[in-house]
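Chemist: Got a structure here, written out as structure tokens. Questions coming.
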Amino acid sequence: MFFLKKTKTKGLYYILAGRDSVVESVYSFYKEYKFSEKYPLYIFYFNQNLSSDVIERLKLINTKIHLKSIKTKIPSHIEMEELFYNRKYLRYVNSSFKKNRIEFLHMCDFLFNIFNSDLFQNIDFALRWDDDGLFRQPVTKDYFKILSKSGKKALTGKLNAKYEIHHFETRINLFKTLIEYLDQYSIKPKCDLIRNMIDKFENSETLFISEYIFHKTKFMSDFNVYNMSIFRNNHWRNWNKHINESGGIYKYRWGENELITLFILIHYGNTITDLELWPHTYDPKGADSESIFKKEF
């Protein structure tokens, strides 16, 4: 009698760190997530963002933590005057997005393109969260196993539809770029909401209706789990190339969560599960850079 050998799941956890709060955040992950030591955790950081003290404290939390320094660079096809912080006509830019926030644009770009790196090519599942996220309660579910059995393509801590003025001001030309992508590759979206949006977009008079529907889209947020197979095909390569060539991340501050969500909705339909972790199990802004953990590690 022959027995099929059970294939071992390959996975990793990752986080992009830019604040001291990452120490408390990572500590809470290992404390509360039952499967935290099952896979390695990669902590990426831009060269200038983390002090040597913070780096050393992170190393002491767990031996499965790998720290990787990342160099940042503005894409050569984008002019300095095109960068988002120079759009003074936007209220959000004037009030909250000065030149010193250039690293936020680097962050969005890095997290959108990270799946192209060699590290992710042989991985089945990946889990990420933000460096100020805090795990407040024990989590006893293996999210990789849940995602594998569900047939879904991603899990998220919360699906959000955002309507505040600064959300609209960080999606400039995203709708237009999406339409161009669908036209260029003759794609009929698998998501009902986006397909209805396209069907109603017949002329300039219906453009407003289509954009209204577009802004009702619920996007993934800070805590996400991905089935990595969706990023290893021509669909992702085309979408990734299209967005990068548009320069929208640097020009208009398009967020990586919105871009990845749109990709999944277009090509895989409503295959994102809302785990509804906020705020009791996972608090997206709960970690404090001045917490007691800063002294402990």
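In the structure tokens, each chain is lettered A, B, ... as it comes, each chain's residues begin at 1, and ligands are numbered from 1 in order of appearance.
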Any idea what's packed within 8 Å of Ala17 in chain A, counting only C-alpha atoms, ignoring anything in its chain fewer than 3 positions away? Could you give it as a PDB file with N, CA and C atoms, in the first residue's frame?
Modeler:
```
ATOM      1  N   VAL A  22       7.604  49.042  16.261  1.00  0.00           N
ATOM      2  CA  VAL A  22       7.756  47.701  15.707  1.00  0.00           C
ATOM      3  C   VAL A  22       8.185  46.705  16.789  1.00  0.00           C
ATOM      4  N   ILE A  43      11.817  41.109   8.707  1.00  0.00           N
ATOM      5  CA  ILE A  43      11.557  42.518   9.005  1.00  0.00           C
ATOM      6  C   ILE A  43      12.420  43.356   8.070  1.00  0.00           C
ATOM      7  N   PHE A  44      11.771  44.034   7.149  1.00  0.00           N
ATOM      8  CA  PHE A  44      12.459  44.910   6.210  1.00  0.00           C
ATOM      9  C   PHE A  44      12.469  46.330   6.780  1.00  0.00           C
ATOM     10  N   TYR A  45      13.513  47.059   6.501  1.00  0.00           N
ATOM     11  CA  TYR A  45      13.557  48.448   6.954  1.00  0.00           C
ATOM     12  C   TYR A  45      14.439  49.263   6.008  1.00  0.00           C
ATOM     13  N   PHE A  46      14.047  50.508   5.832  1.00  0.00           N
ATOM     14  CA  PHE A  46      14.862  51.418   5.033  1.00  0.00           C
ATOM     15  C   PHE A  46      16.075  51.829   5.871  1.00  0.00           C
ATOM     16  N   ASN A  49      15.838  54.300   8.871  1.00  0.00           N
ATOM     17  CA  ASN A  49      14.635  54.336   9.701  1.00  0.00           C
ATOM     18  C   ASN A  49      14.775  53.757  11.099  1.00  0.00           C
ATOM     19  N   LEU A  50      15.545  52.731  11.272  1.00  0.00           N
ATOM     20  CA  LEU A  50      15.632  52.077  12.570  1.00  0.00           C
ATOM     21  C   LEU A  50      17.003  52.300  13.194  1.00  0.00           C
ATOM     22  N   ASP A 130       1.251  45.862   9.818  1.00  0.00           N
ATOM     23  CA  ASP A 130       1.969  47.128   9.941  1.00  0.00           C
ATOM     24  C   ASP A 130       2.778  47.191  11.231  1.00  0.00           C
ATOM     25  N   ASP A 131       3.795  48.033  11.221  1.00  0.00           N
ATOM     26  CA  ASP A 131       4.721  48.069  12.353  1.00  0.00           C
ATOM     27  C   ASP A 131       4.164  48.741  13.602  1.00  0.00           C
TER      28      ASP A 131
END
```
Chemist: Given only C-alpha atoms, how would the per-residue table for range 76-143 of chain A near range 262-283 of chain A read, listing every residue at most 6 Å away with its closest atom pair and distance in Å to one decimal, sorted by chain and number, as a tab-separated table?
Modeler:
```
residue	atom	partner	partner_atom	distance
A:Gly133	CA	A:Asp283	CA	5.6
A:Leu134	CA	A:Asp283	CA	5.1
A:Phe135	CA	A:Tyr282	CA	4.6
A:Arg136	CA	A:Thr281	CA	5.1
A:Gln137	CA	A:Thr281	CA	5.0
```
Chemist: Go ahead and write the residues just picked, C-alpha atoms, as a short mmCIF file (atom, residue, chain, number, x, y, z; two decimals), in the first residue's frame.
Modeler:
```
data_model
loop_
_atom_site.label_atom_id
_atom_site.label_comp_id
_atom_site.auth_asym_id
_atom_site.auth_seq_id
_atom_site.Cartn_x
_atom_site.Cartn_y
_atom_site.Cartn_z
CA GLY A 133 -0.23 46.95 14.79
CA LEU A 134 -0.78 45.25 18.14
CA PHE A 135 -2.07 41.74 18.84
CA ARG A 136 -4.23 42.10 21.94
CA GLN A 137 -5.68 38.60 22.36
#
```
Chemist: Smallest atom-to-atom distance to Asp20 in chain A: which of A:Asn244, A:Ser221, A:Ser52, A:Asn233, using only C-alpha atoms?
Modeler: A:Ser52
Chemist: From a backbone DSSP assignment, name each residue in range 43-220 of chain A labelled helix (DSSP H, G or I), as a ChimeraX atom specification.
Modeler: /A:52-61,80-82,84-86,91-96,99-116,118-120,143-150,165-168,174-184,192-200,204-214
Chemist: So the first atom is CA of Phe223 in chain A and the second is CA of Tyr14 in chain A; what is the distance between them in Å, to one decimal place?
Modeler: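 Straight-line distance from CA of Phe223 in chain A to CA of Tyr14 in chain A works out to 10.6 Å.
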Chemist: Write out as CSV a residue-level contact list of range 108-216 of chain A versus range 235-243 of chain A with cut-off 9 Å: for each qualifying residue the closest pair of atoms and the distance in Å to one decimal, counting only C-alpha atoms, rows sorted by chain and residue number upward.
Modeler:
```
residue,atom,partner,partner_atom,distance
A:Phe112,CA,A:Asn240,CA,8.0
A:Asn113,CA,A:Asn240,CA,7.4
A:Asn116,CA,A:Arg237,CA,8.8
A:Thr177,CA,A:Ile243,CA,7.8
A:Leu178,CA,A:Ile243,CA,8.9
A:Tyr181,CA,A:His242,CA,7.0
A:Tyr185,CA,A:Asn238,CA,8.6
```
Chemist: Enter the distance from CA of Glu82 in chain A to CA of His167 in chain A, in Å, rounded to one decimal.
Modeler: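 Going from CA of Glu82 in chain A over to CA of His167 in chain A, I get 19.0 Å.
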Chemist: A:Ile165, A:Leu174, A:Ile114, A:Ile55: which is nearest Leu259 in chain A, counting only C-alpha atoms?
Modeler: A:Leu174
Chemist: Identify which of the residues A:Lys34, A:Asn224, A:Trp254, A:Ile187 lies closest to Ile15 in chain A, counting only C-alpha atoms when measuring atom-to-atom distances.
Modeler: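 Between A:Lys34, A:Asn224, A:Trp254, A:Ile187, the residue approaching Ile15 in chain A most closely is A:Asn224.
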Chemist: Contacts of Lys10 in chain A at 9 Å or less, counting only C-alpha atoms, minus same-chain residues fewer than 5 places along, as a PyMOL selection string?
Modeler: chain A and resi 39+122-126
Chemist: Select from range 44-291 of chain A everything DSSP, run on the backbone, classes as strand (DSSP E), then give the selection as a VMD selection string.
Modeler: chain A and resid 44 to 46 65 to 70 125 to 128 134 to 135 154 to 156 224 to 227 272 to 274 282 to 283
